[in-house]
>>> print(open('run_7.cif').read())   # mmCIF, C-alpha atoms
data_final
#
loop_
_atom_site.label_atom_id
_atom_site.label_comp_id
_atom_site.auth_asym_id
_atom_site.auth_seq_id
_atom_site.Cartn_x
_atom_site.Cartn_y
_atom_site.Cartn_z
CA MET A 1 119.87 2.80 -116.86
CA ARG A 2 117.70 1.65 -114.03
CA ARG A 3 118.86 -1.21 -111.88
CA GLU A 4 117.17 -4.30 -110.69
CA GLN A 5 116.22 -4.21 -107.05
CA GLY A 6 117.68 -6.55 -104.49
CA ALA A 7 121.06 -6.95 -106.18
CA VAL A 8 122.81 -6.83 -102.83
CA ASP A 9 125.64 -9.27 -102.24
CA THR A 10 127.86 -10.30 -99.36
CA SER A 11 130.55 -7.77 -100.19
CA LEU A 12 128.56 -4.94 -98.65
CA SER A 13 130.59 -2.65 -96.48
CA ARG A 14 129.36 -2.00 -92.96
CA THR A 15 127.86 1.30 -94.05
CA GLU A 16 126.19 -0.29 -97.05
CA ALA A 17 124.66 -2.91 -94.77
CA ARG A 18 123.12 -0.10 -92.73
CA LEU A 19 121.83 1.55 -95.86
CA ALA A 20 120.31 -1.74 -96.95
CA ARG A 21 118.45 -2.00 -93.66
CA LEU A 22 117.18 1.55 -94.05
CA ILE A 23 115.89 0.93 -97.53
CA ALA A 24 114.44 -2.52 -96.92
CA PRO A 25 114.56 -3.36 -93.21
CA THR A 26 112.38 -6.42 -93.57
CA GLY A 27 114.06 -7.68 -96.69
CA ASP A 28 111.03 -6.85 -98.78
CA ALA A 29 111.51 -4.93 -101.98
CA PRO A 30 110.71 -1.29 -101.30
CA PRO A 31 107.92 0.40 -103.19
CA ARG A 32 109.18 2.32 -106.15
CA ALA A 33 108.69 6.03 -106.59
CA THR A 34 108.83 5.58 -110.34
CA ALA A 35 106.32 3.50 -112.16
CA GLY A 36 108.51 2.48 -115.07
CA ALA A 37 111.82 2.76 -116.78
CA GLU A 38 111.16 5.41 -119.39
CA LEU A 39 110.62 8.44 -117.22
CA THR A 40 112.95 9.33 -114.38
CA VAL A 41 112.04 11.74 -111.64
CA ASP A 42 114.88 13.99 -110.53
CA LEU A 43 114.52 15.01 -106.92
CA ALA A 44 116.35 17.97 -105.47
CA PHE A 45 116.36 18.35 -101.70
CA LEU A 46 117.11 21.93 -100.76
CA ASP A 47 119.59 22.79 -98.09
CA GLU A 48 118.36 24.74 -95.10
CA HIS A 49 119.38 28.08 -96.53
CA ALA A 50 117.52 27.58 -99.77
CA LYS A 51 114.56 26.08 -97.96
CA ALA A 52 114.30 29.17 -95.80
CA ARG A 53 113.81 31.26 -98.92
CA LEU A 54 110.93 29.15 -100.09
CA GLU A 55 109.25 29.05 -96.72
CA ARG A 56 109.12 32.82 -96.93
CA LEU A 57 108.00 32.86 -100.53
CA PHE A 58 104.31 33.09 -99.82
CA ALA A 59 104.43 34.16 -96.18
CA MET B 60 125.66 33.19 -95.07
CA ASN B 61 123.12 35.02 -92.91
CA HIS B 62 121.26 36.95 -95.56
CA VAL B 63 118.03 35.28 -96.62
CA ARG B 64 116.24 36.97 -99.46
CA THR B 65 112.57 36.36 -100.05
CA ILE B 66 111.55 35.30 -103.53
CA SER B 67 109.05 37.91 -104.56
CA SER B 68 108.03 37.16 -108.13
CA PRO B 69 107.64 34.39 -110.71
CA GLU B 70 110.80 35.71 -112.35
CA GLU B 71 112.78 35.08 -109.20
CA LEU B 72 111.26 31.65 -108.72
CA ILE B 73 112.13 30.70 -112.30
CA ALA B 74 115.65 32.06 -111.86
CA PHE B 75 115.96 30.02 -108.67
CA ILE B 76 114.93 26.66 -110.15
CA PRO B 77 118.09 25.89 -112.21
CA HIS B 78 120.19 26.40 -109.11
CA THR B 79 117.97 23.98 -107.22
CA LEU B 80 118.22 21.29 -109.90
CA GLY B 81 121.81 21.99 -110.97
CA PHE B 82 120.87 22.34 -114.63
CA ASN B 83 118.45 24.18 -116.90
CA PRO B 84 115.22 22.19 -117.38
CA GLU B 85 113.93 21.65 -120.92
CA SER B 86 110.59 20.10 -121.90
CA SER B 87 110.07 19.39 -118.24
CA MET B 88 107.64 19.71 -115.38
CA VAL B 89 109.19 21.10 -112.22
CA CYS B 90 107.29 20.94 -108.94
CA VAL B 91 108.48 23.22 -106.17
CA PRO B 92 107.01 22.43 -102.72
CA ILE B 93 106.30 25.16 -100.23
CA GLY B 94 106.37 23.84 -96.66
CA GLY B 95 106.85 20.28 -95.52
CA GLY B 96 110.52 19.88 -96.41
CA GLY B 97 109.91 17.74 -99.46
CA PRO B 98 111.97 17.75 -102.61
CA THR B 99 111.69 19.74 -105.78
CA ALA B 100 110.85 17.23 -108.51
CA ARG B 101 111.57 17.34 -112.24
CA MET B 102 110.26 15.02 -114.91
CA ASP B 103 110.18 15.07 -118.68
CA LEU B 104 106.82 16.18 -120.03
CA PRO B 105 104.81 13.12 -121.09
CA ARG B 106 104.35 12.46 -124.81
CA THR B 107 102.19 9.34 -124.77
CA PRO B 108 99.25 8.12 -122.67
CA GLU B 109 101.53 5.60 -120.96
CA GLU B 110 104.10 8.28 -120.14
CA LYS B 111 101.30 10.49 -118.85
CA ARG B 112 100.15 7.71 -116.55
CA GLN B 113 103.70 7.32 -115.19
CA PHE B 114 104.15 11.07 -114.93
CA LEU B 115 101.01 11.55 -112.86
CA GLY B 116 101.70 8.45 -110.78
CA VAL B 117 105.23 9.38 -109.85
CA LEU B 118 104.57 13.01 -109.02
CA SER B 119 101.35 12.39 -107.11
CA ASP B 120 103.14 9.61 -105.19
CA THR B 121 105.90 12.07 -104.33
CA TYR B 122 103.64 14.79 -102.95
CA LEU B 123 100.65 12.83 -101.70
CA ARG B 124 102.43 9.94 -100.00
CA ARG B 125 106.19 10.20 -99.67
CA HIS B 126 106.73 13.91 -99.07
CA PRO B 127 103.43 15.60 -98.24
CA THR B 128 103.62 19.36 -98.43
CA GLU B 129 101.33 22.27 -97.82
CA ARG B 130 101.60 23.73 -101.28
CA VAL B 131 103.18 22.99 -104.64
CA VAL B 132 104.12 25.42 -107.39
CA LEU B 133 103.97 23.83 -110.85
CA VAL B 134 106.24 25.08 -113.63
CA ALA B 135 106.15 23.53 -117.12
CA TYR B 136 109.04 24.26 -119.48
CA GLY B 137 108.65 23.92 -123.23
CA GLU B 138 107.76 25.50 -126.54
CA ASP B 139 104.54 23.53 -127.01
CA ALA B 140 101.84 25.47 -125.19
CA GLU B 141 99.23 22.74 -125.54
CA GLN B 142 101.56 20.06 -124.15
CA CYS B 143 102.61 22.24 -121.24
CA VAL B 144 99.13 23.41 -120.28
CA GLU B 145 97.72 19.91 -120.58
CA ALA B 146 100.44 18.53 -118.30
CA LEU B 147 99.94 21.36 -115.79
CA THR B 148 96.18 20.86 -115.72
CA ALA B 149 96.37 17.07 -115.42
CA LEU B 150 98.93 17.18 -112.61
CA GLY B 151 97.10 19.95 -110.77
CA ASN B 152 93.86 17.99 -110.91
CA GLU B 153 95.62 14.80 -109.82
CA LEU B 154 97.01 16.51 -106.73
CA VAL B 155 93.89 18.46 -105.81
CA ASN B 156 91.30 15.77 -106.49
CA SER B 157 93.07 12.87 -104.80
CA ARG B 158 91.31 11.05 -102.00
CA LEU B 159 94.50 11.51 -99.98
CA PRO B 160 95.25 14.77 -98.18
CA GLY B 161 96.92 16.87 -100.81
CA PRO B 162 98.63 20.21 -101.20
CA ARG B 163 97.24 23.43 -102.50
CA VAL B 164 98.44 24.00 -106.03
CA GLY B 165 99.66 27.29 -107.40
CA PRO B 166 100.96 29.34 -109.02
CA VAL B 167 100.86 27.27 -112.20
CA LEU B 168 103.37 28.60 -114.71
CA TRP B 169 104.29 27.84 -118.32
CA VAL B 170 107.83 28.92 -119.21
CA ASN B 171 108.91 29.21 -122.83
CA GLY B 172 112.43 30.56 -123.13
CA ASP B 173 112.51 33.80 -121.23
CA GLU B 174 108.73 34.22 -121.26
CA TRP B 175 106.37 32.98 -118.55
CA VAL B 176 102.61 32.81 -118.22
CA ASP B 177 100.52 32.04 -115.16
CA VAL B 178 97.92 29.77 -116.74
CA LEU B 179 95.46 30.38 -113.91
CA ASP B 180 95.18 34.14 -113.99
CA GLY B 181 96.75 34.96 -117.35
CA SER B 182 99.47 37.18 -115.94
CA ARG B 183 102.72 37.03 -117.86
CA GLY B 184 106.21 38.40 -117.89
CA THR B 185 109.79 38.09 -119.07
CA LEU B 186 112.74 36.79 -117.11
CA ASP B 187 115.10 39.61 -116.34
CA ALA B 188 118.87 39.50 -116.16
CA GLU B 189 118.82 41.06 -112.72
CA SER B 190 116.93 38.14 -111.15
CA ARG B 191 119.30 35.63 -112.71
CA ALA B 192 122.35 37.61 -111.63
CA GLN B 193 121.12 37.83 -108.04
CA PHE B 194 120.79 34.09 -107.71
CA ASP B 195 124.01 33.40 -109.60
CA PHE B 196 125.78 35.63 -107.10
CA GLU B 197 124.15 34.18 -104.01
CA PHE B 198 124.77 30.58 -105.01
CA ALA B 199 128.35 31.41 -105.99
CA LEU B 200 128.86 32.61 -102.42
CA MET B 201 127.71 29.17 -101.29
CA GLY B 202 130.33 27.54 -103.52
CA ARG B 203 127.82 26.43 -106.14
CA VAL B 204 128.70 26.43 -109.80
CA LYS B 205 126.31 28.34 -112.03
CA PRO B 206 124.14 25.86 -113.96
CA THR B 207 124.85 26.40 -117.64
CA GLY B 208 123.82 23.19 -119.36
CA SER B 209 120.86 20.88 -119.69
CA ARG B 210 120.34 17.56 -117.91
CA ALA B 211 122.10 15.76 -120.77
CA ASN B 212 125.22 17.74 -120.00
CA LEU B 213 125.44 16.11 -116.56
CA ALA B 214 126.39 12.77 -118.14
CA ALA B 215 128.69 14.33 -120.71
CA ASP B 216 130.53 16.10 -117.92
CA LEU B 217 131.47 12.76 -116.36
CA HIS B 218 133.77 11.81 -119.20
CA GLY B 219 137.33 13.11 -119.13
CA ASN B 220 140.69 11.76 -120.25
CA PRO B 221 141.57 8.49 -118.47
CA ALA B 222 144.95 8.04 -120.17
CA PRO B 223 147.23 9.66 -117.55
CA VAL B 224 145.74 7.70 -114.63
CA SER B 225 145.54 4.55 -116.75
CA ALA B 226 149.31 4.71 -117.20
CA GLU B 227 149.78 4.72 -113.41
CA LEU B 228 147.15 2.13 -112.58
CA PRO B 229 148.98 -1.18 -113.25
CA ALA B 230 151.72 -0.39 -110.75
CA ALA B 231 149.21 0.80 -108.16
CA ARG B 232 147.08 -2.32 -108.55
CA GLU B 233 150.10 -4.57 -108.36
CA GLN B 234 151.15 -2.91 -105.14
CA VAL B 235 147.73 -3.31 -103.55
CA GLY B 236 147.46 -6.86 -104.83
CA GLY B 237 150.58 -7.78 -102.89
CA MET B 238 149.40 -6.35 -99.59
CA ASP B 239 148.45 -8.42 -96.57
CA ALA B 240 145.52 -7.47 -94.34
CA ALA B 241 147.58 -5.13 -92.18
CA ALA B 242 148.98 -3.34 -95.19
CA ILE B 243 145.51 -3.00 -96.70
CA ALA B 244 144.32 -1.46 -93.45
CA THR B 245 147.18 1.03 -93.60
CA GLU B 246 146.36 1.81 -97.22
CA ILE B 247 142.74 2.46 -96.29
CA GLU B 248 143.91 4.79 -93.53
CA TRP B 249 145.86 6.69 -96.17
CA LEU B 250 142.76 6.83 -98.35
CA GLY B 251 140.75 8.38 -95.54
CA MET B 252 143.42 10.94 -94.85
CA ARG B 253 143.66 11.78 -98.56
CA ILE B 254 139.94 12.44 -98.71
CA ASP B 255 140.17 14.56 -95.58
CA THR B 256 142.98 16.57 -97.14
CA PHE B 257 140.89 17.20 -100.24
CA LEU B 258 138.04 18.50 -98.12
CA LEU B 259 140.43 21.13 -96.82
CA ASP B 260 142.36 22.13 -99.95
CA ARG B 261 140.09 20.99 -102.83
CA LYS B 262 143.20 20.28 -104.90
CA SER B 263 142.83 17.59 -107.53
CA LEU B 264 144.82 14.41 -106.94
CA ALA B 265 148.02 13.87 -108.89
CA ASP B 266 147.83 10.97 -111.33
CA PRO B 267 149.77 8.50 -109.12
CA GLU B 268 147.56 9.40 -106.16
CA ALA B 269 144.42 8.97 -108.22
CA ALA B 270 145.62 5.54 -109.36
CA ARG B 271 146.41 4.62 -105.76
CA VAL B 272 142.87 5.54 -104.67
CA LEU B 273 141.32 3.63 -107.55
CA ALA B 274 143.46 0.55 -106.84
CA VAL B 275 142.07 0.14 -103.33
CA ILE B 276 138.61 1.69 -103.44
CA ASP B 277 136.82 -1.50 -104.50
CA HIS B 278 137.68 -3.08 -101.14
CA PRO B 279 134.57 -3.00 -98.90
CA ASP B 280 136.52 -1.46 -96.02
CA ALA B 281 137.86 1.22 -98.34
CA ARG B 282 134.36 2.01 -99.54
CA ASN B 283 133.30 2.09 -95.90
CA ALA B 284 136.01 4.64 -95.10
CA ALA B 285 134.78 6.83 -97.95
CA GLU B 286 131.08 6.38 -97.19
CA THR B 287 131.28 7.14 -93.49
CA ARG B 288 132.98 10.46 -94.19
CA VAL B 289 130.05 11.81 -96.18
CA THR B 290 127.69 14.14 -94.33
CA ARG B 291 125.09 16.43 -95.80
CA GLU B 292 127.31 19.34 -94.82
CA THR B 293 130.36 17.98 -96.64
CA ALA B 294 128.57 16.12 -99.44
CA LEU B 295 129.28 18.77 -102.06
CA LEU B 296 133.03 18.48 -101.45
CA HIS B 297 132.90 14.69 -101.53
CA SER B 298 131.02 14.85 -104.81
CA GLU B 299 133.76 17.08 -106.24
CA PHE B 300 136.37 14.51 -105.18
CA TRP B 301 134.56 11.56 -106.78
CA HIS B 302 133.45 13.53 -109.82
CA ASP B 303 137.08 14.26 -110.61
CA LEU B 304 137.99 10.58 -110.26
CA VAL B 305 135.07 9.37 -112.37
CA ARG B 306 136.25 11.68 -115.14
CA ARG B 307 139.82 10.38 -114.94
CA ALA B 308 139.28 6.70 -114.12
CA PRO B 309 139.78 3.94 -116.71
CA ALA B 310 136.64 1.91 -117.32
CA GLU B 311 137.74 -1.09 -115.25
CA VAL B 312 137.93 0.93 -112.02
CA ARG B 313 135.19 3.48 -112.63
CA ASP B 314 132.18 1.84 -111.00
CA THR B 315 132.97 2.47 -107.34
CA PRO B 316 133.90 6.15 -107.83
CA ALA B 317 130.64 6.52 -109.75
CA ALA B 318 128.67 4.90 -106.94
CA LEU B 319 130.35 7.16 -104.38
CA LEU B 320 129.59 10.14 -106.60
CA ALA B 321 125.94 9.06 -106.62
CA LEU B 322 125.94 8.79 -102.83
CA SER B 323 127.57 12.17 -102.26
CA SER B 324 125.47 13.93 -104.91
CA TYR B 325 122.25 12.61 -103.44
CA MET B 326 123.37 13.46 -99.91
CA ASP B 327 123.89 16.97 -101.26
CA GLY B 328 120.29 16.90 -102.46
CA ARG B 329 120.97 16.57 -106.19
CA GLY B 330 119.02 13.60 -107.48
CA ALA B 331 119.68 14.21 -111.18
CA HIS B 332 123.43 14.23 -110.59
CA ALA B 333 123.10 10.98 -108.65
CA TRP B 334 121.18 9.36 -111.51
CA ALA B 335 123.79 10.56 -114.00
CA ALA B 336 126.51 8.93 -111.88
CA LEU B 337 124.60 5.66 -111.56
CA ASP B 338 124.10 5.57 -115.30
CA GLN B 339 127.89 5.28 -115.64
CA ILE B 340 127.84 1.85 -113.97
CA PRO B 341 127.12 -0.82 -116.58
CA GLY B 342 126.44 -3.73 -114.19
CA SER B 343 125.60 -4.51 -110.60
CA HIS B 344 127.49 -2.75 -107.83
CA PRO B 345 126.85 -3.06 -104.07
CA LEU B 346 126.60 0.65 -103.33
CA GLY B 347 125.27 1.56 -106.79
CA ASP B 348 122.37 -0.84 -106.46
CA LEU B 349 121.51 0.52 -103.02
CA MET B 350 121.59 4.08 -104.28
CA ALA B 351 119.33 3.22 -107.20
CA VAL B 352 116.77 1.81 -104.78
CA ALA B 353 117.13 4.84 -102.50
CA LEU B 354 116.54 7.20 -105.41
CA ASP B 355 113.61 5.19 -106.68
CA ALA B 356 112.08 5.18 -103.22
CA ALA B 357 112.74 8.93 -102.80
CA VAL B 358 114.48 8.34 -99.46
CA HIS B 359 115.25 11.70 -97.91
CA PRO B 360 119.01 12.45 -97.74
CA ARG B 361 118.71 13.19 -94.04
CA ASP B 362 117.59 9.59 -93.52
CA LEU B 363 120.52 8.35 -95.58
CA GLU B 364 122.79 10.44 -93.40
CA ARG B 365 121.36 8.90 -90.26
CA ALA B 366 121.89 5.44 -91.70
CA LEU B 367 125.48 6.25 -92.62
CA HIS B 368 126.28 7.42 -89.12
CA SER B 369 123.85 5.52 -86.93
CA ALA B 370 124.58 2.32 -85.05
CA ALA B 371 120.95 1.29 -85.03
CA PRO B 372 119.24 2.49 -88.17
CA GLY B 373 116.65 -0.24 -88.28
CA ALA B 374 114.04 2.05 -86.80
CA LEU B 375 114.57 4.71 -89.43
CA MET B 376 112.20 3.18 -91.91
CA GLN B 377 109.53 3.04 -89.24
CA GLN B 378 110.16 6.69 -88.42
CA ALA B 379 109.94 7.58 -92.09
CA ALA B 380 106.72 5.63 -92.40
CA LEU B 381 105.28 7.49 -89.44
CA ARG B 382 106.28 10.82 -90.95
CA ASP B 383 104.72 9.87 -94.25
CA ALA B 384 101.51 8.96 -92.48
CA LYS B 385 101.28 12.45 -90.98
CA ALA B 386 100.16 14.27 -94.07
CA PRO B 387 99.27 17.92 -93.67
CA GLY B 388 95.62 18.71 -93.40
CA ARG B 389 93.88 18.57 -96.71
CA ARG B 390 92.92 21.88 -98.20
CA ALA B 391 89.54 22.18 -99.78
CA PRO B 392 89.76 21.38 -103.48
CA GLU B 393 89.90 24.64 -105.35
CA GLN B 394 88.73 24.19 -108.88
CA THR B 395 88.65 26.82 -111.53
CA GLY B 396 85.54 27.26 -113.53
CA HIS B 397 87.29 25.72 -116.54
CA GLY B 398 88.57 22.66 -114.76
CA GLY B 399 92.01 24.06 -113.96
CA PRO B 400 94.06 22.79 -111.09
CA ALA B 401 93.43 25.56 -108.59
CA ALA B 402 91.37 28.63 -108.07
CA PRO B 403 93.31 31.82 -107.52
CA GLY B 404 90.10 33.63 -106.84
CA VAL B 405 89.56 31.52 -103.74
CA ASP B 406 93.18 31.55 -102.65
CA PRO B 407 94.48 35.11 -102.57
CA ASP B 408 98.09 33.91 -102.56
CA ALA B 409 97.85 31.58 -105.49
CA SER B 410 98.77 33.97 -108.24
CA ALA B 411 100.79 36.38 -106.21
CA PRO B 412 104.17 34.91 -105.37
CA GLY B 413 106.00 36.87 -102.78
CA ARG B 414 103.03 38.02 -100.89
#
>>> encode(input="run_7.cif", output="C-alpha cells")
Amino acid sequence: MRREQGAVDTSLSRTEARLARLIAPTGDAPPRATAGAELTVDLAFLDEHAKARLERLFA
Amino acid sequence: MNHVRTISSPEELIAFIPHTLGFNPESSMVCVPIGGGGPTARMDLPRTPEEKRQFLGVLSDTYLRRHPTERVVLVAYGEDAEQCVEALTALGNELVNSRLPGPRVGPVLWVNGDEWVDVLDGSRGTLDAESRAQFDFEFALMGRVKPTGSRANLAADLHGNPAPVSAELPAAREQVGGMDAAAIATEIEWLGMRIDTFLLDRKSLADPEAARVLAVIDHPDARNAAETRVTRETALLHSEFWHDLVRRAPAEVRDTPAALLALSSYMDGRGAHAWAALDQIPGSHPLGDLMAVALDAAVHPRDLERALHSAAPGALMQQAALRDAKAPGRRAPEQTGHGGPAAPGVDPDASAPGR
C-alpha cells in the first residue's frame, strides 16, 4: 500500500514536525523516488562496517 | 568488530546481498553501489513496458540524482535468462548513457539459483557454502538474524497472536483514559524507561506491559518519547521492540507500533522492512505518512537521524540538495561492442571483483 502525500495533521509530535520539515521544508510535495504504485524500490543503507567492505571490494 | 574482510569474488558479493537486504531476492534487480555512500536498491524485474519505464526511472533517479556513486554492480535474480539479461542491459545503458554524471557499471551478473554468470565477460560460477557460511557468521556476530525467507515473508512475519494482549487491553485503555495531564506525563515517562530497559535486556514485554504501552502510544507525546530515542546505532534494537508489539497488538492499536517499526527499520537501513511495516497500516497515520514520503523520496537515514535529534533541521533539505548536486565526475561511457552496459575490456576492474 502506498500512501497519499501530505496527509499530515495537527496531531504531529514534536519529532514528527521536524521530520515533516526535513521532508518538505517549504510545504511543497517532495519529488517521488518511485514513479508509480506497482513497483516498489527497496533501499538498504549499509552500516559503516558493511560499507567498509564494499569500499575495499574493488580497491 | 574490528575485522573487515574484503569481498574478493562474485560468490562473496552474492552471499553478501541477502544480509544487506534482510531477505533473499527473487525475480529482482539488485544494485550495489561502490563508493558514494548510497543505498543498495532492489526492485522486481519488469514484466511490461510500463513496469520497465518505472524500473528504469526509479533506479536511474536513485543513482544519477539522489545518491550518486562512483560505480554500481548490477545483479539480476531469476530463472528467465532473457528477462534478466534484458533488464541488466537496459539499466546499464540507462545509467551509462544518461546526460547526467553517472557511475561506472560492472560487474553485471545474472544469478539463477546457485549459479551466476557475468554477462559482460561470460565468466560463471557456483555459489559455495563456504562464502555463505562466512557471511552468516560475521553478521551473526553483529546481532543480525540470518535471512532465510523472501520479501513476502517480511509481511507474514508481522502477524502473531494478538489474543493474550487483547485480553489485557481494555483495562489498560480504561486506566489511561482516566488519567489527567500529569498522570499521562508520568505514564509516558514509564514508557520511555520501559523502552530503555528493553534496549539493555532485549526481553519481550509481558502481556500487561505490552497492553500498557499500546494504550498510551497513540498520544503524540508518547510517540515523541519513542521517536527521539531512536538512533542509527540503536535502531535495530528499537525495531525488535516494535516488531514484537506489532505481532502481538490487536488491530485497533496496531498502527502506531507499525509506524514506529517503519521508522526504526529505516533508520537501521532496511527499506524493505520499513515498507512491510507501513503496509500494515490501513489508513492515514501521522508518522506512517511521513515515513512513506521519506521512503519514496529515498531520504538517507542519517538525515532522518539529524531531524530526529536536531533543534533546527530546516537546513537539512538544503544540505541534502547540495550533496545531491555534487555528483561524482562522470566516467567515459564504456560500451561493449554488442550494446552492453559496460566494457570490461576498457575497465580492467569491471569483471574482476576483489581486485
>>> resolve_selection(input="run_7.cif", expression="the PyMOL selection byres ((chain B and resi 363) around 9)", output="count of residues only")
15
>>> resolve_selection(input="run_7.cif", expression="the PyMOL selection byres ((chain B and resi 307) around 9)", output="PyMOL selection string")
chain B and resi 217-225+266+269+302-306+308-309+313
>>> residues_around(input="run_7.cif", residues="region 333-336 of chain B", least_positions_apart="3", cutoff="10 Å", atoms="all atoms listed in the file", output="NGL selection string")
(:A and (1-2 or 40-43)) or (:B and (210-217 or 298 or 301-302 or 305 or 314 or 316-330 or 339-340 or 347 or 350-351 or 354-355))
>>> atom_distance(input="run_7.cif", atom1="CA of Phe75 (chain B)", atom2="CA of Glu299 (chain B)")
22.1 Å
>>> resolve_selection(input="run_7.cif", expression="the PyMOL selection byres ((chain B and resi 165) around 6)", output="PyMOL selection string")
chain B and resi 132+164+166-167+409
>>> atom_distance(input="run_7.cif", atom1="CA of Ala17 (chain A)", atom2="CA of Ile247 (chain B)")
18.9 Å
>>> atom_distance(input="run_7.cif", atom1="CA of Phe194 (chain B)", atom2="CA of Asp103 (chain B)")
24.4 Å
>>> residues_around(input="run_7.cif", residues="Pro108 (chain B)", least_positions_apart="6", cutoff="12 Å", atoms="only C-alpha atoms", output="PyMOL selection string")
chain B and resi 114-115+146+149
>>> residues_around(input="run_7.cif", residues="region 207-209 of chain B", least_positions_apart="4", cutoff="12 Å", atoms="all atoms listed in the file", output="list in words")
Pro77, His78, Leu80, Gly81, Phe82, Asn83, Pro84, Glu85, Ser86, Ser87, Arg191, Asp195, Arg203, Leu213, Ala214, Ala215, Asp216, Ala331 and His332 of chain B
>>> write_last_selection(input="run_7.cif", atoms="C-alpha atoms", output="compact mmCIF listing (two decimals), in the frame of the given file")
# COMPACT_ATOMS: atom_id res chain seq x y z
CA PRO B 77 118.09 25.89 -112.21
CA HIS B 78 120.19 26.40 -109.11
CA LEU B 80 118.22 21.29 -109.90
CA GLY B 81 121.81 21.99 -110.97
CA PHE B 82 120.87 22.34 -114.63
CA ASN B 83 118.45 24.18 -116.90
CA PRO B 84 115.22 22.19 -117.38
CA GLU B 85 113.93 21.65 -120.92
CA SER B 86 110.59 20.10 -121.90
CA SER B 87 110.07 19.39 -118.24
CA ARG B 191 119.30 35.63 -112.71
CA ASP B 195 124.01 33.40 -109.60
CA ARG B 203 127.82 26.43 -106.14
CA LEU B 213 125.44 16.11 -116.56
CA ALA B 214 126.39 12.77 -118.14
CA ALA B 215 128.69 14.33 -120.71
CA ASP B 216 130.53 16.10 -117.92
CA ALA B 331 119.68 14.21 -111.18
CA HIS B 332 123.43 14.23 -110.59
>>> closest_residue(input="run_7.cif", among="B:Gly184, B:Pro105, B:Gly172, B:Pro206", to="chain A", atoms="all atoms listed in the file")
B:Pro105
>>> residues_around(input="run_7.cif", residues="Leu46 (chain A)", least_positions_apart="5", cutoff="8 Å", atoms="all atoms listed in the file", output="VMD selection string")
(chain A and resid 51) or (chain B and resid 79 98 to 99 328)
>>> residues_around(input="run_7.cif", residues="Thr185 (chain B)", least_positions_apart="3", cutoff="7 Å", atoms="only C-alpha atoms", output="VMD selection string")
chain B and resid 173 to 175
>>> closest_residue(input="run_7.cif", among="B:Phe257, B:Phe300, B:Trp169, B:Phe198", to="chain A", atoms="only C-alpha atoms")
B:Phe198
